[in-house]
>>> print(open('structure-v9.cif').read())   # mmCIF, C-alpha atoms, pLDDT in the B column; chains and numbers go by the auth columns
data_my_file
#
loop_
_atom_site.group_PDB
_atom_site.id
_atom_site.type_symbol
_atom_site.label_atom_id
_atom_site.label_comp_id
_atom_site.label_asym_id
_atom_site.label_seq_id
_atom_site.Cartn_x
_atom_site.Cartn_y
_atom_site.Cartn_z
_atom_site.B_iso_or_equiv
_atom_site.auth_seq_id
_atom_site.auth_asym_id
ATOM 1 C CA MET A 1 70.264 30.851 172.704 72.00 1 A
ATOM 2 C CA ARG A 2 73.689 29.463 171.788 81.00 2 A
ATOM 3 C CA ASP A 3 73.881 27.332 168.666 87.00 3 A
ATOM 4 C CA ARG A 4 76.241 26.983 165.741 89.00 4 A
ATOM 5 C CA LEU A 5 75.129 30.317 164.321 92.00 5 A
ATOM 6 C CA ASN A 6 76.403 32.394 167.235 91.00 6 A
ATOM 7 C CA SER A 7 79.345 30.254 168.323 92.00 7 A
ATOM 8 C CA GLY A 8 82.937 30.281 167.201 92.00 8 A
ATOM 9 C CA PRO A 9 83.418 32.310 164.023 93.00 9 A
ATOM 10 C CA GLY A 10 79.751 33.341 164.336 94.00 10 A
ATOM 11 C CA LEU A 11 80.531 35.401 167.422 94.00 11 A
ATOM 12 C CA VAL A 12 83.389 37.113 165.550 95.00 12 A
ATOM 13 C CA LEU A 13 80.797 38.042 162.935 95.00 13 A
ATOM 14 C CA VAL A 14 78.560 39.464 165.681 94.00 14 A
ATOM 15 C CA ILE A 15 81.235 41.878 166.907 93.00 15 A
ATOM 16 C CA VAL A 16 82.203 42.985 163.386 92.00 16 A
ATOM 17 C CA TYR A 17 78.541 43.596 162.526 93.00 17 A
ATOM 18 C CA GLY A 18 78.042 45.410 165.830 92.00 18 A
ATOM 19 C CA ILE A 19 80.985 47.765 165.271 89.00 19 A
ATOM 20 C CA PHE A 20 79.747 48.472 161.779 88.00 20 A
ATOM 21 C CA ALA A 21 76.138 49.095 162.811 90.00 21 A
ATOM 22 C CA LEU A 22 77.304 51.507 165.518 87.00 22 A
ATOM 23 C CA SER A 23 79.722 53.485 163.315 83.00 23 A
ATOM 24 C CA ALA A 24 77.353 53.739 160.353 85.00 24 A
ATOM 25 C CA GLY A 25 74.436 54.553 162.662 88.00 25 A
ATOM 26 C CA ALA A 26 76.318 57.290 164.532 84.00 26 A
ATOM 27 C CA ARG A 27 77.426 58.916 161.296 82.00 27 A
ATOM 28 C CA ALA A 28 73.980 58.768 159.676 87.00 28 A
ATOM 29 C CA THR A 29 72.326 60.181 162.804 87.00 29 A
ATOM 30 C CA VAL A 30 74.706 63.147 162.827 85.00 30 A
ATOM 31 C CA GLN A 31 74.254 63.745 159.093 84.00 31 A
ATOM 32 C CA ILE A 32 70.476 63.741 159.410 89.00 32 A
ATOM 33 C CA ALA A 33 70.549 65.938 162.508 86.00 33 A
ATOM 34 C CA THR A 34 72.963 68.571 161.176 84.00 34 A
ATOM 35 C CA LYS A 35 72.822 68.752 157.361 83.00 35 A
ATOM 36 C CA PHE A 36 69.778 66.799 156.239 85.00 36 A
ATOM 37 C CA ASP A 37 68.972 69.279 153.433 87.00 37 A
ATOM 38 C CA GLU A 38 72.288 68.778 151.623 84.00 38 A
ATOM 39 C CA ALA A 39 71.589 65.208 150.521 81.00 39 A
ATOM 40 C CA PRO A 40 68.434 63.802 152.144 85.00 40 A
ATOM 41 C CA GLU A 41 68.344 60.641 149.976 82.00 41 A
ATOM 42 C CA ALA A 42 71.944 59.669 150.720 82.00 42 A
ATOM 43 C CA TYR A 43 71.567 60.245 154.465 87.00 43 A
ATOM 44 C CA LEU A 44 68.247 58.400 154.710 89.00 44 A
ATOM 45 C CA LEU A 45 69.785 55.539 152.775 88.00 45 A
ATOM 46 C CA SER A 46 72.743 55.461 155.179 87.00 46 A
ATOM 47 C CA ALA A 47 70.348 55.436 158.134 91.00 47 A
ATOM 48 C CA LEU A 48 68.373 52.566 156.580 92.00 48 A
ATOM 49 C CA ALA A 49 71.596 50.651 155.933 91.00 49 A
ATOM 50 C CA ALA A 50 72.712 51.203 159.532 92.00 50 A
ATOM 51 C CA LEU A 51 69.343 49.934 160.777 94.00 51 A
ATOM 52 C CA ILE A 52 69.652 46.786 158.659 95.00 52 A
ATOM 53 C CA TYR A 53 73.173 46.174 160.059 94.00 53 A
ATOM 54 C CA LEU A 54 71.798 46.590 163.566 95.00 54 A
ATOM 55 C CA VAL A 55 68.963 44.089 162.984 96.00 55 A
ATOM 56 C CA ALA A 56 71.428 41.668 161.342 96.00 56 A
ATOM 57 C CA THR A 57 73.647 41.952 164.438 95.00 57 A
ATOM 58 C CA ILE A 58 70.685 41.127 166.686 95.00 58 A
ATOM 59 C CA GLY A 59 69.663 38.184 164.488 96.00 59 A
ATOM 60 C CA LEU A 60 73.188 36.742 164.398 95.00 60 A
ATOM 61 C CA ALA A 61 73.629 37.236 168.146 94.00 61 A
ATOM 62 C CA ARG A 62 70.277 35.647 169.093 93.00 62 A
ATOM 63 C CA GLY A 63 70.545 32.564 166.935 91.00 63 A
ATOM 64 C CA GLY A 64 67.706 30.051 166.829 91.00 64 A
ATOM 65 C CA VAL A 65 65.178 29.835 164.026 92.00 65 A
ATOM 66 C CA SER A 66 63.937 33.418 164.311 94.00 66 A
ATOM 67 C CA GLY A 67 67.418 34.923 164.671 94.00 67 A
ATOM 68 C CA ARG A 68 68.551 32.979 161.638 94.00 68 A
ATOM 69 C CA ARG A 69 65.577 34.173 159.592 95.00 69 A
ATOM 70 C CA LEU A 70 66.190 37.786 160.660 96.00 70 A
ATOM 71 C CA ALA A 71 69.875 37.570 159.751 96.00 71 A
ATOM 72 C CA LEU A 72 69.107 35.942 156.393 96.00 72 A
ATOM 73 C CA VAL A 73 66.687 38.715 155.387 97.00 73 A
ATOM 74 C CA CYS A 74 69.111 41.444 156.512 96.00 74 A
ATOM 75 C CA CYS A 75 72.234 39.991 154.907 96.00 75 A
ATOM 76 C CA SER A 76 70.339 39.520 151.622 97.00 76 A
ATOM 77 C CA ALA A 77 69.051 43.100 151.783 96.00 77 A
ATOM 78 C CA GLU A 78 72.580 44.363 152.464 95.00 78 A
ATOM 79 C CA LEU A 79 74.025 42.508 149.505 96.00 79 A
ATOM 80 C CA LEU A 80 71.263 43.716 147.159 96.00 80 A
ATOM 81 C CA GLY A 81 71.585 47.243 148.556 93.00 81 A
ATOM 82 C CA VAL A 82 75.339 47.527 148.174 93.00 82 A
ATOM 83 C CA LEU A 83 75.228 46.069 144.646 94.00 83 A
ATOM 84 C CA ALA A 84 72.327 48.267 143.504 92.00 84 A
ATOM 85 C CA VAL A 85 73.496 51.503 145.106 90.00 85 A
ATOM 86 C CA GLY A 86 77.138 50.796 144.257 90.00 86 A
ATOM 87 C CA THR A 87 76.301 50.366 140.581 91.00 87 A
ATOM 88 C CA LEU A 88 73.931 53.344 140.503 89.00 88 A
ATOM 89 C CA SER A 89 76.478 55.609 142.174 86.00 89 A
ATOM 90 C CA ILE A 90 79.025 54.812 139.460 87.00 90 A
ATOM 91 C CA VAL A 91 76.631 54.973 136.487 87.00 91 A
ATOM 92 C CA ASP A 92 74.814 58.111 137.645 82.00 92 A
ATOM 93 C CA LYS A 93 77.078 60.206 139.862 75.00 93 A
ATOM 94 C CA ASP A 94 74.432 62.902 140.346 73.00 94 A
ATOM 95 C CA ALA A 95 72.008 60.463 141.954 68.00 95 A
ATOM 96 C CA PHE A 96 74.121 60.362 145.128 66.00 96 A
ATOM 97 C CA PRO A 97 75.687 63.769 145.766 60.00 97 A
ATOM 98 C CA ASP A 98 77.119 62.829 149.156 64.00 98 A
ATOM 99 C CA ASP A 99 78.579 59.488 150.095 72.00 99 A
ATOM 100 C CA SER A 100 76.243 56.919 151.588 78.00 100 A
ATOM 101 C CA VAL A 101 77.467 53.728 153.234 83.00 101 A
ATOM 102 C CA TRP A 102 76.822 51.816 150.013 87.00 102 A
ATOM 103 C CA SER A 103 78.198 54.305 147.441 85.00 103 A
ATOM 104 C CA VAL A 104 80.783 52.812 145.049 87.00 104 A
ATOM 105 C CA TYR A 105 80.296 49.403 146.755 89.00 105 A
ATOM 106 C CA GLY A 106 81.201 50.837 150.144 86.00 106 A
ATOM 107 C CA ARG A 107 84.556 52.332 149.164 86.00 107 A
ATOM 108 C CA GLY A 108 84.289 54.926 151.940 81.00 108 A
ATOM 109 C CA TYR A 109 84.236 52.055 154.429 82.00 109 A
ATOM 110 C CA GLY A 110 87.042 49.970 152.940 84.00 110 A
ATOM 111 C CA PHE A 111 84.557 47.834 150.962 89.00 111 A
ATOM 112 C CA VAL A 112 83.499 46.204 154.234 88.00 112 A
ATOM 113 C CA PRO A 113 79.801 46.692 153.247 90.00 113 A
ATOM 114 C CA LEU A 114 80.407 44.502 150.181 93.00 114 A
ATOM 115 C CA VAL A 115 82.321 41.747 151.975 94.00 115 A
ATOM 116 C CA LEU A 116 80.285 41.535 155.183 94.00 116 A
ATOM 117 C CA PRO A 117 76.947 40.279 153.746 95.00 117 A
ATOM 118 C CA VAL A 118 78.760 37.684 151.636 96.00 118 A
ATOM 119 C CA ILE A 119 80.509 36.312 154.722 96.00 119 A
ATOM 120 C CA GLY A 120 77.233 36.513 156.655 96.00 120 A
ATOM 121 C CA LEU A 121 75.298 34.553 154.032 96.00 121 A
ATOM 122 C CA TYR A 122 78.097 31.989 153.772 95.00 122 A
ATOM 123 C CA TRP A 123 78.075 31.501 157.547 95.00 123 A
ATOM 124 C CA LEU A 124 74.270 31.201 157.655 95.00 124 A
ATOM 125 C CA ARG A 125 74.421 28.536 154.964 94.00 125 A
ATOM 126 C CA ARG A 126 77.295 26.657 156.529 92.00 126 A
ATOM 127 C CA THR A 127 75.667 26.436 159.941 92.00 127 A
ATOM 128 C CA ALA A 128 72.143 25.764 158.679 88.00 128 A
ATOM 129 C CA ARG A 129 72.511 21.998 158.401 76.00 129 A
ATOM 130 C CA ALA A 130 74.224 21.578 161.776 72.00 130 A
ATOM 131 C CA ASP A 131 71.557 23.551 163.623 69.00 131 A
ATOM 132 C CA ARG A 132 68.654 21.768 161.959 67.00 132 A
ATOM 133 C CA ALA A 133 70.003 18.374 162.969 58.00 133 A
ATOM 134 C CA MET B 1 93.062 65.755 169.923 78.00 1 B
ATOM 135 C CA ASN B 2 96.246 64.714 171.663 83.00 2 B
ATOM 136 C CA ASP B 3 98.409 62.936 169.077 88.00 3 B
ATOM 137 C CA THR B 4 100.804 61.458 171.625 93.00 4 B
ATOM 138 C CA ILE B 5 98.038 59.670 173.530 95.00 5 B
ATOM 139 C CA GLY B 6 96.533 58.624 170.183 95.00 6 B
ATOM 140 C CA ALA B 7 99.864 57.053 169.236 96.00 7 B
ATOM 141 C CA ILE B 8 100.052 55.267 172.609 97.00 8 B
ATOM 142 C CA VAL B 9 96.561 53.778 172.112 97.00 9 B
ATOM 143 C CA THR B 10 97.502 52.726 168.573 97.00 10 B
ATOM 144 C CA VAL B 11 100.765 51.032 169.548 97.00 11 B
ATOM 145 C CA ALA B 12 99.237 49.346 172.618 98.00 12 B
ATOM 146 C CA ALA B 13 96.231 48.076 170.628 98.00 13 B
ATOM 147 C CA LEU B 14 98.465 46.720 167.846 98.00 14 B
ATOM 148 C CA ALA B 15 100.690 44.960 170.395 98.00 15 B
ATOM 149 C CA VAL B 16 97.681 43.320 172.090 98.00 16 B
ATOM 150 C CA ALA B 17 96.245 42.445 168.653 98.00 17 B
ATOM 151 C CA LEU B 18 99.488 40.653 167.809 98.00 18 B
ATOM 152 C CA LEU B 19 99.424 38.682 171.093 97.00 19 B
ATOM 153 C CA CYS B 20 95.795 37.685 170.496 97.00 20 B
ATOM 154 C CA LEU B 21 96.539 36.730 166.903 97.00 21 B
ATOM 155 C CA VAL B 22 99.352 34.462 168.094 97.00 22 B
ATOM 156 C CA ALA B 23 96.924 32.833 170.547 97.00 23 B
ATOM 157 C CA ALA B 24 94.363 32.359 167.746 97.00 24 B
ATOM 158 C CA ILE B 25 96.952 30.802 165.443 97.00 25 B
ATOM 159 C CA ARG B 26 98.081 28.468 168.237 97.00 26 B
ATOM 160 C CA ASN B 27 94.424 27.458 168.715 97.00 27 B
ATOM 161 C CA ARG B 28 94.299 28.923 172.235 96.00 28 B
ATOM 162 C CA PRO B 29 91.556 30.898 173.957 97.00 29 B
ATOM 163 C CA PRO B 30 92.562 34.299 175.339 97.00 30 B
ATOM 164 C CA ASP B 31 94.219 34.087 178.762 96.00 31 B
ATOM 165 C CA LEU B 32 94.574 36.628 181.555 97.00 32 B
ATOM 166 C CA SER B 33 97.449 38.448 179.813 97.00 33 B
ATOM 167 C CA HIS B 34 95.230 39.229 176.820 97.00 34 B
ATOM 168 C CA TYR B 35 92.433 40.525 179.039 97.00 35 B
ATOM 169 C CA VAL B 36 94.915 42.691 180.977 98.00 36 B
ATOM 170 C CA GLY B 37 96.271 43.977 177.648 98.00 37 B
ATOM 171 C CA ALA B 38 92.760 44.918 176.502 98.00 38 B
ATOM 172 C CA GLY B 39 92.262 46.619 179.879 98.00 39 B
ATOM 173 C CA LEU B 40 95.417 48.707 179.382 98.00 40 B
ATOM 174 C CA VAL B 41 94.222 49.743 175.907 98.00 41 B
ATOM 175 C CA GLU B 42 90.877 50.756 177.433 98.00 42 B
ATOM 176 C CA ALA B 43 92.707 52.777 180.120 98.00 43 B
ATOM 177 C CA ALA B 44 94.701 54.627 177.437 97.00 44 B
ATOM 178 C CA ALA B 45 91.478 55.201 175.477 97.00 45 B
ATOM 179 C CA LEU B 46 89.883 56.670 178.628 97.00 46 B
ATOM 180 C CA VAL B 47 92.837 59.056 179.078 97.00 47 B
ATOM 181 C CA LEU B 48 92.508 60.151 175.446 96.00 48 B
ATOM 182 C CA THR B 49 88.777 60.731 175.960 96.00 49 B
ATOM 183 C CA VAL B 50 89.262 62.771 179.139 96.00 50 B
ATOM 184 C CA VAL B 51 91.919 64.951 177.479 95.00 51 B
ATOM 185 C CA ALA B 52 89.681 65.470 174.426 94.00 52 B
ATOM 186 C CA VAL B 53 86.676 66.359 176.598 93.00 53 B
ATOM 187 C CA ILE B 54 88.759 68.852 178.588 94.00 54 B
ATOM 188 C CA ALA B 55 89.944 70.422 175.307 93.00 55 B
ATOM 189 C CA MET B 56 86.322 70.634 174.098 92.00 56 B
ATOM 190 C CA ILE B 57 85.228 72.286 177.355 92.00 57 B
ATOM 191 C CA GLY B 58 88.132 74.711 176.840 91.00 58 B
ATOM 192 C CA GLY B 59 86.539 75.751 173.526 87.00 59 B
ATOM 193 C CA GLU B 60 88.776 73.791 171.165 86.00 60 B
ATOM 194 C CA ARG B 61 86.420 71.487 169.292 84.00 61 B
ATOM 195 C CA PRO B 62 85.931 69.820 165.915 86.00 62 B
ATOM 196 C CA THR B 63 83.284 71.139 163.522 80.00 63 B
ATOM 197 C CA GLU B 64 81.433 67.856 163.650 81.00 64 B
ATOM 198 C CA VAL B 65 81.196 67.523 167.425 85.00 65 B
ATOM 199 C CA GLY B 66 78.348 65.000 167.109 83.00 66 B
ATOM 200 C CA THR B 67 80.314 62.647 164.862 83.00 67 B
ATOM 201 C CA PHE B 68 83.357 62.968 167.118 89.00 68 B
ATOM 202 C CA VAL B 69 81.372 62.097 170.245 89.00 69 B
ATOM 203 C CA GLY B 70 79.662 59.214 168.407 84.00 70 B
ATOM 204 C CA TYR B 71 83.000 57.682 167.455 87.00 71 B
ATOM 205 C CA LEU B 72 84.267 58.336 170.978 91.00 72 B
ATOM 206 C CA PHE B 73 81.466 56.156 172.385 89.00 73 B
ATOM 207 C CA THR B 74 82.255 53.342 169.923 88.00 74 B
ATOM 208 C CA PHE B 75 85.939 53.716 170.834 92.00 75 B
ATOM 209 C CA LEU B 76 85.296 53.422 174.587 95.00 76 B
ATOM 210 C CA ALA B 77 82.718 50.621 174.317 93.00 77 B
ATOM 211 C CA LEU B 78 84.737 48.372 172.017 95.00 78 B
ATOM 212 C CA PRO B 79 87.342 46.820 174.396 97.00 79 B
ATOM 213 C CA PRO B 80 84.834 45.934 177.178 96.00 80 B
ATOM 214 C CA VAL B 81 82.322 44.507 174.691 95.00 81 B
ATOM 215 C CA ALA B 82 85.076 42.493 172.965 96.00 82 B
ATOM 216 C CA VAL B 83 86.255 41.122 176.336 97.00 83 B
ATOM 217 C CA ALA B 84 82.685 40.165 177.280 95.00 84 B
ATOM 218 C CA LEU B 85 82.159 38.359 173.952 94.00 85 B
ATOM 219 C CA ALA B 86 85.569 36.688 174.134 96.00 86 B
ATOM 220 C CA ARG B 87 84.702 35.322 177.584 95.00 87 B
ATOM 221 C CA LEU B 88 81.507 33.844 176.105 92.00 88 B
ATOM 222 C CA GLU B 89 83.657 32.072 173.547 93.00 89 B
ATOM 223 C CA PRO B 90 86.596 30.428 175.349 94.00 90 B
ATOM 224 C CA THR B 91 88.070 28.959 172.171 95.00 91 B
ATOM 225 C CA ARG B 92 90.493 30.248 169.551 95.00 92 B
ATOM 226 C CA TRP B 93 87.575 32.323 168.225 96.00 93 B
ATOM 227 C CA GLY B 94 87.593 34.319 171.456 96.00 94 B
ATOM 228 C CA SER B 95 91.174 35.257 170.573 97.00 95 B
ATOM 229 C CA VAL B 96 90.017 36.230 167.070 97.00 96 B
ATOM 230 C CA ILE B 97 87.304 38.486 168.566 97.00 97 B
ATOM 231 C CA LEU B 98 89.936 40.319 170.650 97.00 98 B
ATOM 232 C CA THR B 99 92.282 40.530 167.647 97.00 99 B
ATOM 233 C CA VAL B 100 89.582 42.121 165.494 96.00 100 B
ATOM 234 C CA ALA B 101 88.605 44.603 168.213 97.00 101 B
ATOM 235 C CA MET B 102 92.235 45.587 168.845 97.00 102 B
ATOM 236 C CA LEU B 103 92.801 46.107 165.108 96.00 103 B
ATOM 237 C CA VAL B 104 89.751 48.381 164.908 95.00 104 B
ATOM 238 C CA MET B 105 91.021 50.614 167.749 96.00 105 B
ATOM 239 C CA PRO B 106 93.820 52.213 165.634 96.00 106 B
ATOM 240 C CA VAL B 107 91.277 52.810 162.850 93.00 107 B
ATOM 241 C CA LEU B 108 89.041 54.632 165.331 93.00 108 B
ATOM 242 C CA VAL B 109 92.021 56.681 166.593 95.00 109 B
ATOM 243 C CA ALA B 110 92.739 57.688 162.988 94.00 110 B
ATOM 244 C CA ARG B 111 89.071 58.581 162.350 89.00 111 B
ATOM 245 C CA LEU B 112 88.889 60.600 165.577 92.00 112 B
ATOM 246 C CA GLY B 113 92.077 62.430 164.548 92.00 113 B
ATOM 247 C CA GLN B 114 90.658 63.204 161.087 90.00 114 B
ATOM 248 C CA ILE B 115 87.410 64.568 162.502 88.00 115 B
ATOM 249 C CA TRP B 116 89.327 66.616 165.093 90.00 116 B
ATOM 250 C CA GLU B 117 91.644 68.121 162.456 85.00 117 B
ATOM 251 C CA ALA B 118 88.669 69.296 160.375 75.00 118 B
ATOM 252 C CA THR B 119 88.135 72.284 162.682 57.00 119 B
ATOM 253 C CA GLY B 120 88.057 74.757 159.819 47.00 120 B
ATOM 254 C CA ALA B 121 89.685 77.223 162.215 43.00 121 B
#
>>> encode(input="structure-v9.cif", output="structure tokens")
Amino acid sequence: MRDRLNSGPGLVLVIVYGIFALSAGARATVQIATKFDEAPEAYLLSALAALIYLVATIGLARGGVSGRRLALVCCSAELLGVLAVGTLSIVDKDAFPDDSVWSVYGRGYGFVPLVLPVIGLYWLRRTARADRA
Amino acid sequence: MNDTIGAIVTVAALAVALLCLVAAIRNRPPDLSHYVGAGLVEAAALVLTVVAVIAMIGGERPTEVGTFVGYLFTFLALPPVAVALARLEPTRWGSVILTVAMLVMPVLVARLGQIWEATGA
């Protein structure tokens, strides 16, 4: 379904989210498959993050009421995740021995994990009124 | 990984990104020239992939083969997916989609190069 959410800048957001979900997912899958024992928490966290990015991509791409709800939940979870894990990884370095997607607010990924949910939430909010009307 | 082909992909992708950015700034949707440009970048990416696969069959491979192959798939899928999305969005935002995708290609070349270098051999 095409609406404001997945038109114009919204479709740009879809491709950025898609690229990110794929890259983070591929990396987490390899880490879990080849060296899970080294840092199970960090790798599972990365896999969870990748899954949330994937679901957010689907929500943003589908649009409509359900797609919007899906994207809202995922973007909020991403923002909370990157803030919580980012802070924890700085305060307690031993908690995350190997880098996860969200460590140090996503520094390993050019801070994209910090910026993306903010843009996503902004876009959801901006298009909400137009789509309801 | 072949650095020369990597450099060709990088330069081609940046050139197409610039063309698409100009279209976006001028409030134009992508036209045929942008799609052909993205096609040329994809062709160069395919050459890079074939050369890398031949090298891997020849026994020269990165330590993290899985990660390398994963990025390779993203690398190959990106231009066609971006073109498909841009065609869905025949406005300036279609040009932005192509710009973003073409800017990510050099990043992927760099990542592929990094992973390839880490052979430990």
>>> residues_near_point(input="structure-v9.cif", point="(89.1, 48.2, 179.5)", cutoff="10 Å", atoms="only C-alpha atoms", output="CSV table (one decimal) with C-alpha atoms, in the coordinates of the input")
chain,number,residue,atom,x,y,z
B,35,TYR,CA,92.4,40.5,179.0
B,36,VAL,CA,94.9,42.7,181.0
B,37,GLY,CA,96.3,44.0,177.6
B,38,ALA,CA,92.8,44.9,176.5
B,39,GLY,CA,92.3,46.6,179.9
B,40,LEU,CA,95.4,48.7,179.4
B,41,VAL,CA,94.2,49.7,175.9
B,42,GLU,CA,90.9,50.8,177.4
B,43,ALA,CA,92.7,52.8,180.1
B,44,ALA,CA,94.7,54.6,177.4
B,45,ALA,CA,91.5,55.2,175.5
B,46,LEU,CA,89.9,56.7,178.6
B,76,LEU,CA,85.3,53.4,174.6
B,77,ALA,CA,82.7,50.6,174.3
B,78,LEU,CA,84.7,48.4,172.0
B,79,PRO,CA,87.3,46.8,174.4
B,80,PRO,CA,84.8,45.9,177.2
B,81,VAL,CA,82.3,44.5,174.7
B,82,ALA,CA,85.1,42.5,173.0
B,83,VAL,CA,86.3,41.1,176.3
>>> closest_atom_pairs(input="structure-v9.cif", of="chain B", to="chain A", cutoff="12 Å", atoms="all atoms listed in the file", output="Markdown table")
| residue | atom | partner | partner_atom | distance |
| --- | --- | --- | --- | --- |
| B:Ala24 | CA | A:Pro9 | CA | 11.6 |
| B:Asn27 | CA | A:Gly8 | CA | 11.9 |
| B:Pro29 | CA | A:Gly8 | CA | 11.0 |
| B:Thr63 | CA | A:Thr34 | CA | 10.9 |
| B:Glu64 | CA | A:Val30 | CA | 8.3 |
| B:Val65 | CA | A:Val30 | CA | 9.1 |
| B:Gly66 | CA | A:Val30 | CA | 5.9 |
| B:Thr67 | CA | A:Arg27 | CA | 5.9 |
| B:Phe68 | CA | A:Arg27 | CA | 9.2 |
| B:Val69 | CA | A:Ala26 | CA | 9.0 |
| B:Gly70 | CA | A:Ala26 | CA | 5.5 |
| B:Tyr71 | CA | A:Ser23 | CA | 6.7 |
| B:Leu72 | CA | A:Ser23 | CA | 10.1 |
| B:Phe73 | CA | A:Leu22 | CA | 9.3 |
| B:Thr74 | CA | A:Leu22 | CA | 6.9 |
| B:Phe75 | CA | A:Ile19 | CA | 9.5 |
| B:Leu76 | CA | A:Ile19 | CA | 11.7 |
| B:Ala77 | CA | A:Ile19 | CA | 9.6 |
| B:Leu78 | CA | A:Ile19 | CA | 7.7 |
| B:Pro79 | CA | A:Ile15 | CA | 10.9 |
| B:Pro80 | CA | A:Ile15 | CA | 11.6 |
| B:Val81 | CA | A:Ile15 | CA | 8.3 |
| B:Ala82 | CA | A:Ile15 | CA | 7.2 |
| B:Val83 | CA | A:Ile15 | CA | 10.7 |
| B:Ala84 | CA | A:Ile15 | CA | 10.6 |
| B:Leu85 | CA | A:Leu11 | CA | 7.4 |
| B:Ala86 | CA | A:Leu11 | CA | 8.5 |
| B:Arg87 | CA | A:Leu11 | CA | 11.0 |
| B:Leu88 | CA | A:Ser7 | CA | 8.8 |
| B:Glu89 | CA | A:Gly8 | CA | 6.6 |
| B:Pro90 | CA | A:Gly8 | CA | 8.9 |
| B:Thr91 | CA | A:Gly8 | CA | 7.3 |
| B:Arg92 | CA | A:Gly8 | CA | 7.9 |
| B:Trp93 | CA | A:Gly8 | CA | 5.2 |
| B:Gly94 | CA | A:Gly8 | CA | 7.5 |
| B:Ser95 | CA | A:Val12 | CA | 9.4 |
| B:Val96 | CA | A:Val12 | CA | 6.9 |
| B:Ile97 | CA | A:Val12 | CA | 5.1 |
| B:Leu98 | CA | A:Val12 | CA | 8.9 |
| B:Thr99 | CA | A:Val12 | CA | 9.8 |
| B:Val100 | CA | A:Val16 | CA | 7.7 |
| B:Ala101 | CA | A:Ile15 | CA | 8.0 |
| B:Met102 | CA | A:Val16 | CA | 11.7 |
| B:Leu103 | CA | A:Val16 | CA | 11.2 |
| B:Val104 | CA | A:Ile19 | CA | 8.8 |
| B:Met105 | CA | A:Ile19 | CA | 10.7 |
| B:Val107 | CA | A:Tyr109 | CA | 11.0 |
| B:Leu108 | CA | A:Ser23 | CA | 9.6 |
| B:Arg111 | CA | A:Ser23 | CA | 10.7 |
| B:Leu112 | CA | A:Ser23 | CA | 11.8 |
| B:Ile115 | CA | A:Arg27 | CA | 11.5 |
>>> atom_distance(input="structure-v9.cif", atom1="atom CA of Leu51 of chain A", atom2="atom CA of Asp94 of chain A")
24.7 Å
>>> closest_residue(input="structure-v9.cif", among="B:Arg61, B:Cys20, B:Thr49, B:Ser33", to="Glu117 of chain B", atoms="all atoms listed in the file")
B:Arg61
>>> atom_distance(input="structure-v9.cif", atom1="atom CA of Asp92 of chain A", atom2="atom CA of Leu44 of chain A")
18.3 Å
>>> closest_residue(input="structure-v9.cif", among="A:Gly106, A:Leu80, A:Ile32, A:Arg68", to="Ala47 of chain A", atoms="all atoms listed in the file")
A:Ile32
>>> axis_aligned_box(input="structure-v9.cif", around="segment 20-33 of chain B", padding_each_side="6 Å", output="AutoDock Vina command-line options")
--center_x 95.5 --center_y 33.0 --center_z 173.5 --size_x 19.8 --size_y 23.0 --size_z 28.1
>>> atom_distance(input="structure-v9.cif", atom1="atom CA of Arg107 of chain A", atom2="atom CA of Ile52 of chain A")
18.5 Å
